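Visitor: Here you go, one structure.
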Amino acid sequence: MDLQRELRESDIHIPIIFITGHGDIPMTVEAMKAGAVEFLTKPFRGQKLLEAVQGAIARDRAARQERAEIAELRKCFDTLSPREREVLGMVVTGLLNKQIAAELGISELTVKTHRAHIMEKMRAGSLAELVHFTDRLRSVPPRE
């Protein structure tokens, strides 16, 4: 359990399968809440361990893919200027160009230009995709 805690605090992401002969329910709950893939108590069938390892590999593959996608989105987001970030926040809440222009005290044409730059820099093909990207970025903790 201490190793699992240390790995998490060090931001090291590897799947963990606990195997113990002395596990109890509180220990199992704690391990699973902390991200363990499986908690096996002895004795167990070899097939159960094989299934746990296969599940851990699949889960790790998906988590790595998700982290890579989020890192790419962050990289795109970091290219936005402060004004583009401001416009992005308003666009994804559903405000119209005219409303954004009035709120920021700029022309509607300037808002359209910012929106075009945002779409290009974020590599979004549609407003729905842009909103989805923004939601994904908000769903992860900020970088330190």
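Chain labels A, B, ... are given in the sequence in which chains occur in the structure tokens; within each chain residues are numbered consecutively from 1, and ligands are likewise numbered from 1 in the order shown.
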To test your reading of the structure, identify every residue in region 3-82 of chain A that backbone DSSP assigns to strand (DSSP E or B), and report it as a list of chain:residue names.
Guide: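 Matching residues for strand (DSSP E or B) in region 3-82 of chain A are A:Ile17, A:Phe18, A:Ile19, A:Thr20, A:Glu38, A:Phe39, A:Leu40, A:Thr41.
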Visitor: Write out as a list in words each polymer residue whose atoms come within 10 Å of Ile19 (chain A), counting only C-alpha atoms; drop sequence neighbours fewer than 3 positions from it.
Guide: Ile16, His22, Gly23, Glu38, Phe39, Leu40, Thr41, Lys42, Pro43, Phe44 and Leu49 of chain A
Visitor: Give me, as a PyMOL selection string, all polymer residues having an atom no more than 10 Å from region 57-66 of chain A, counting only C-alpha atoms and skipping those fewer than 2 positions away in the same chain.
Guide: chain A and resi 13-16+37+51-55+68-72+136
Visitor: Store the residues picked out above, limited to all heavy atoms, as a tab-separated table (two decimals), in the first residue's frame.
Guide:
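Output (part_12.tsv):
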chain	number	residue	atom	x	y	z
A	13	HIS	N	2.44	6.27	-13.34
A	13	HIS	CA	1.20	5.58	-13.68
A	13	HIS	C	1.49	4.17	-14.17
A	13	HIS	O	1.85	3.98	-15.33
A	13	HIS	CB	0.44	6.35	-14.76
A	13	HIS	CG	0.20	7.77	-14.42
A	13	HIS	ND1	-0.82	8.16	-13.59
A	13	HIS	CD2	0.85	8.90	-14.76
A	13	HIS	CE1	-0.80	9.47	-13.45
A	13	HIS	NE2	0.21	9.94	-14.15
A	14	ILE	N	1.36	3.21	-13.28
A	14	ILE	CA	1.47	1.81	-13.69
A	14	ILE	C	0.33	1.05	-13.03
A	14	ILE	O	-0.07	1.37	-11.90
A	14	ILE	CB	2.83	1.17	-13.33
A	14	ILE	CG1	3.10	1.23	-11.83
A	14	ILE	CG2	3.96	1.80	-14.10
A	14	ILE	CD1	4.31	0.42	-11.40
A	15	PRO	N	-0.21	0.07	-13.73
A	15	PRO	CA	-1.29	-0.70	-13.12
A	15	PRO	C	-0.76	-1.59	-12.00
A	15	PRO	O	0.34	-2.15	-12.10
A	15	PRO	CB	-1.83	-1.53	-14.28
A	15	PRO	CG	-0.77	-1.53	-15.31
A	15	PRO	CD	0.09	-0.33	-15.09
A	16	ILE	N	-1.53	-1.69	-10.93
A	16	ILE	CA	-1.10	-2.47	-9.77
A	16	ILE	C	-2.14	-3.55	-9.48
A	16	ILE	O	-3.34	-3.28	-9.43
A	16	ILE	CB	-0.93	-1.56	-8.53
A	16	ILE	CG1	0.19	-0.55	-8.79
A	16	ILE	CG2	-0.66	-2.38	-7.28
A	16	ILE	CD1	0.37	0.47	-7.70
A	37	VAL	N	-5.84	-2.25	-9.90
A	37	VAL	CA	-6.64	-2.91	-10.92
A	37	VAL	C	-7.38	-4.10	-10.32
A	37	VAL	O	-8.53	-4.36	-10.64
A	37	VAL	CB	-5.74	-3.38	-12.08
A	37	VAL	CG1	-6.52	-4.18	-13.10
A	37	VAL	CG2	-5.07	-2.19	-12.74
A	51	GLU	N	-6.33	-13.07	-16.06
A	51	GLU	CA	-7.38	-12.10	-16.40
A	51	GLU	C	-7.07	-10.72	-15.80
A	51	GLU	O	-7.27	-9.69	-16.45
A	51	GLU	CB	-8.74	-12.59	-15.90
A	51	GLU	CG	-9.27	-13.77	-16.66
A	51	GLU	CD	-10.47	-14.43	-15.99
A	51	GLU	OE1	-10.91	-13.95	-14.92
A	51	GLU	OE2	-10.96	-15.44	-16.54
A	52	ALA	N	-6.53	-10.71	-14.59
A	52	ALA	CA	-6.18	-9.44	-13.94
A	52	ALA	C	-5.06	-8.73	-14.71
A	52	ALA	O	-5.11	-7.52	-14.93
A	52	ALA	CB	-5.77	-9.67	-12.49
A	53	VAL	N	-4.06	-9.51	-15.13
A	53	VAL	CA	-2.94	-8.92	-15.89
A	53	VAL	C	-3.43	-8.39	-17.24
A	53	VAL	O	-3.08	-7.28	-17.65
A	53	VAL	CB	-1.80	-9.95	-16.08
A	53	VAL	CG1	-0.76	-9.45	-17.08
A	53	VAL	CG2	-1.15	-10.26	-14.73
A	54	GLN	N	-4.27	-9.15	-17.92
A	54	GLN	CA	-4.81	-8.70	-19.21
A	54	GLN	C	-5.64	-7.43	-19.02
A	54	GLN	O	-5.55	-6.50	-19.82
A	54	GLN	CB	-5.64	-9.81	-19.86
A	54	GLN	CG	-4.80	-10.95	-20.37
A	54	GLN	CD	-5.63	-12.15	-20.81
A	54	GLN	OE1	-6.75	-12.36	-20.38
A	54	GLN	NE2	-5.04	-12.96	-21.70
A	55	GLY	N	-6.44	-7.40	-17.98
A	55	GLY	CA	-7.24	-6.20	-17.68
A	55	GLY	C	-6.36	-5.01	-17.37
A	55	GLY	O	-6.63	-3.89	-17.79
A	68	ALA	N	-1.90	11.00	-23.51
A	68	ALA	CA	-1.28	11.55	-24.72
A	68	ALA	C	-2.22	12.53	-25.41
A	68	ALA	O	-1.78	13.60	-25.87
A	68	ALA	CB	-0.89	10.42	-25.67
A	69	GLU	N	-3.50	12.18	-25.50
A	69	GLU	CA	-4.47	13.08	-26.13
A	69	GLU	C	-4.62	14.37	-25.34
A	69	GLU	O	-4.68	15.46	-25.93
A	69	GLU	CB	-5.81	12.37	-26.28
A	69	GLU	CG	-5.79	11.26	-27.32
A	69	GLU	CD	-7.06	10.43	-27.34
A	69	GLU	OE1	-8.03	10.78	-26.63
A	69	GLU	OE2	-7.09	9.42	-28.07
A	70	ILE	N	-4.68	14.28	-24.02
A	70	ILE	CA	-4.81	15.47	-23.18
A	70	ILE	C	-3.55	16.34	-23.33
A	70	ILE	O	-3.64	17.57	-23.42
A	70	ILE	CB	-5.04	15.10	-21.70
A	70	ILE	CG1	-6.41	14.43	-21.53
A	70	ILE	CG2	-4.90	16.30	-20.79
A	70	ILE	CD1	-7.60	15.31	-21.83
A	71	ALA	N	-2.37	15.72	-23.36
A	71	ALA	CA	-1.12	16.48	-23.53
A	71	ALA	C	-1.13	17.23	-24.86
A	71	ALA	O	-0.71	18.39	-24.93
A	71	ALA	CB	0.08	15.54	-23.45
A	72	GLU	N	-1.63	16.59	-25.90
A	72	GLU	CA	-1.71	17.24	-27.22
A	72	GLU	C	-2.69	18.41	-27.18
A	72	GLU	O	-2.42	19.49	-27.72
A	72	GLU	CB	-2.11	16.23	-28.29
A	72	GLU	CG	-2.04	16.77	-29.70
A	72	GLU	CD	-0.66	17.23	-30.13
A	72	GLU	OE1	0.35	16.65	-29.69
A	72	GLU	OE2	-0.59	18.20	-30.91
A	136	ARG	N	-12.72	18.26	-22.12
A	136	ARG	CA	-11.67	17.29	-21.76
A	136	ARG	C	-10.54	17.97	-21.01
A	136	ARG	O	-10.01	17.42	-20.05
A	136	ARG	CB	-11.14	16.60	-23.01
A	136	ARG	CG	-12.14	15.61	-23.57
A	136	ARG	CD	-11.60	14.82	-24.72
A	136	ARG	NE	-10.60	13.86	-24.27
A	136	ARG	CZ	-9.74	13.27	-25.08
A	136	ARG	NH1	-9.76	13.52	-26.37
A	136	ARG	NH2	-8.87	12.40	-24.62
Visitor: Between A:Arg5, A:Gln47, A:Ile118, A:Phe77, which has the minimum distance to Gly35 (chain A) (counting only C-alpha atoms)?
Guide: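 With only C-alpha atoms as the atom set, the closest residue is A:Arg5.
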Visitor: If we count only C-alpha atoms, what is near Val131 (chain A) at a cut-off of 9 Å, once residues fewer than 3 positions away on the same chain are taken out, given as a PDB file with all heavy atoms, in the first residue's frame?
Guide:
ATOM      1  N   VAL A  91     -17.154  31.487 -26.306  1.00  0.00           N
ATOM      2  CA  VAL A  91     -17.696  30.689 -27.419  1.00  0.00           C
ATOM      3  C   VAL A  91     -18.279  29.382 -26.898  1.00  0.00           C
ATOM      4  O   VAL A  91     -19.393  29.004 -27.258  1.00  0.00           O
ATOM      5  CB  VAL A  91     -16.605  30.417 -28.484  1.00  0.00           C
ATOM      6  CG1 VAL A  91     -17.035  29.328 -29.456  1.00  0.00           C
ATOM      7  CG2 VAL A  91     -16.259  31.693 -29.241  1.00  0.00           C
ATOM      8  N   VAL A  92     -17.551  28.702 -26.028  1.00  0.00           N
ATOM      9  CA  VAL A  92     -18.004  27.388 -25.570  1.00  0.00           C
ATOM     10  C   VAL A  92     -19.191  27.474 -24.611  1.00  0.00           C
ATOM     11  O   VAL A  92     -19.840  26.461 -24.361  1.00  0.00           O
ATOM     12  CB  VAL A  92     -16.862  26.539 -24.952  1.00  0.00           C
ATOM     13  CG1 VAL A  92     -15.779  26.267 -25.977  1.00  0.00           C
ATOM     14  CG2 VAL A  92     -16.304  27.183 -23.707  1.00  0.00           C
ATOM     15  N   THR A  93     -19.490  28.668 -24.104  1.00  0.00           N
ATOM     16  CA  THR A  93     -20.702  28.810 -23.288  1.00  0.00           C
ATOM     17  C   THR A  93     -21.920  29.103 -24.152  1.00  0.00           C
ATOM     18  O   THR A  93     -23.028  29.214 -23.644  1.00  0.00           O
ATOM     19  CB  THR A  93     -20.549  29.918 -22.224  1.00  0.00           C
ATOM     20  OG1 THR A  93     -20.328  31.168 -22.874  1.00  0.00           O
ATOM     21  CG2 THR A  93     -19.435  29.606 -21.253  1.00  0.00           C
ATOM     22  N   SER A 126     -15.202  21.506 -35.823  1.00  0.00           N
ATOM     23  CA  SER A 126     -16.542  22.047 -35.608  1.00  0.00           C
ATOM     24  C   SER A 126     -16.621  22.655 -34.209  1.00  0.00           C
ATOM     25  O   SER A 126     -15.754  22.395 -33.363  1.00  0.00           O
ATOM     26  CB  SER A 126     -17.589  20.927 -35.724  1.00  0.00           C
ATOM     27  OG  SER A 126     -17.428  20.002 -34.657  1.00  0.00           O
ATOM     28  N   LEU A 127     -17.665  23.417 -33.992  1.00  0.00           N
ATOM     29  CA  LEU A 127     -17.876  24.000 -32.666  1.00  0.00           C
ATOM     30  C   LEU A 127     -18.088  22.890 -31.637  1.00  0.00           C
ATOM     31  O   LEU A 127     -17.571  22.960 -30.521  1.00  0.00           O
ATOM     32  CB  LEU A 127     -19.074  24.962 -32.686  1.00  0.00           C
ATOM     33  CG  LEU A 127     -19.418  25.614 -31.355  1.00  0.00           C
ATOM     34  CD1 LEU A 127     -18.247  26.396 -30.794  1.00  0.00           C
ATOM     35  CD2 LEU A 127     -20.636  26.514 -31.511  1.00  0.00           C
ATOM     36  N   ALA A 128     -18.818  21.860 -32.005  1.00  0.00           N
ATOM     37  CA  ALA A 128     -19.054  20.736 -31.087  1.00  0.00           C
ATOM     38  C   ALA A 128     -17.733  20.092 -30.669  1.00  0.00           C
ATOM     39  O   ALA A 128     -17.535  19.748 -29.496  1.00  0.00           O
ATOM     40  CB  ALA A 128     -19.972  19.711 -31.731  1.00  0.00           C
ATOM     41  N   THR A 134     -12.508  21.364 -25.020  1.00  0.00           N
ATOM     42  CA  THR A 134     -12.464  22.220 -23.835  1.00  0.00           C
ATOM     43  C   THR A 134     -12.935  21.463 -22.598  1.00  0.00           C
ATOM     44  O   THR A 134     -12.327  21.570 -21.531  1.00  0.00           O
ATOM     45  CB  THR A 134     -13.324  23.482 -24.060  1.00  0.00           C
ATOM     46  OG1 THR A 134     -12.877  24.131 -25.258  1.00  0.00           O
ATOM     47  CG2 THR A 134     -13.199  24.451 -22.918  1.00  0.00           C
ATOM     48  N   ASP A 135     -13.982  20.682 -22.744  1.00  0.00           N
ATOM     49  CA  ASP A 135     -14.467  19.860 -21.622  1.00  0.00           C
ATOM     50  C   ASP A 135     -13.409  18.861 -21.170  1.00  0.00           C
ATOM     51  O   ASP A 135     -13.228  18.643 -19.976  1.00  0.00           O
ATOM     52  CB  ASP A 135     -15.752  19.116 -22.002  1.00  0.00           C
ATOM     53  CG  ASP A 135     -16.963  20.020 -22.047  1.00  0.00           C
ATOM     54  OD1 ASP A 135     -16.912  21.154 -21.521  1.00  0.00           O
ATOM     55  OD2 ASP A 135     -17.992  19.589 -22.625  1.00  0.00           O
ATOM     56  N   ARG A 136     -12.719  18.264 -22.124  1.00  0.00           N
ATOM     57  CA  ARG A 136     -11.670  17.290 -21.760  1.00  0.00           C
ATOM     58  C   ARG A 136     -10.541  17.974 -21.009  1.00  0.00           C
ATOM     59  O   ARG A 136     -10.010  17.418 -20.055  1.00  0.00           O
ATOM     60  CB  ARG A 136     -11.135  16.599 -23.009  1.00  0.00           C
ATOM     61  CG  ARG A 136     -12.138  15.606 -23.574  1.00  0.00           C
ATOM     62  CD  ARG A 136     -11.600  14.818 -24.723  1.00  0.00           C
ATOM     63  NE  ARG A 136     -10.600  13.860 -24.271  1.00  0.00           N
ATOM     64  CZ  ARG A 136      -9.745  13.270 -25.085  1.00  0.00           C
ATOM     65  NH1 ARG A 136      -9.757  13.524 -26.373  1.00  0.00           N
ATOM     66  NH2 ARG A 136      -8.873  12.404 -24.623  1.00  0.00           N
TER      67      ARG A 136
END
Visitor: Which one is closest to Leu73 (chain A): A:Arg123, A:Ile25, A:Ile12, A:Glu6? Count only C-alpha atoms.
Guide: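 Of A:Arg123, A:Ile25, A:Ile12, A:Glu6, the one nearest Leu73 (chain A), counting only C-alpha atoms, is A:Arg123.
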Visitor: I want to know what sits within 12 Å of region 83-87 of chain A, based on only C-alpha atoms, with residues of the same chain fewer than 3 positions away left out; could you give that as a PyMOL selection string?
Guide: chain A and resi 76-80+90-106+108+110-122+134
Visitor: Quick one: pull the distance between CA of Val29 (chain A) and CA of Arg67 (chain A), Å, one decimal.
Guide: 25.4 Å
Visitor: Taking 5 positions as the minimum chain separation for residues in the same chain, which residues sit within 10 Å of Met1 (chain A) when counting only C-alpha atoms? Answer as a list in words.
Guide: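 These residues fall inside the cut-off: Glu6, Leu7, Phe18, Met27, Glu30, Ala31, Ala34 and Ala36 of chain A.
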Visitor: Do you have the CA of Leu88 (chain A)-CA of Leu130 (chain A) distance handy?
Guide: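 Value for the CA of Leu88 (chain A)-CA of Leu130 (chain A) distance: 8.9 Å.
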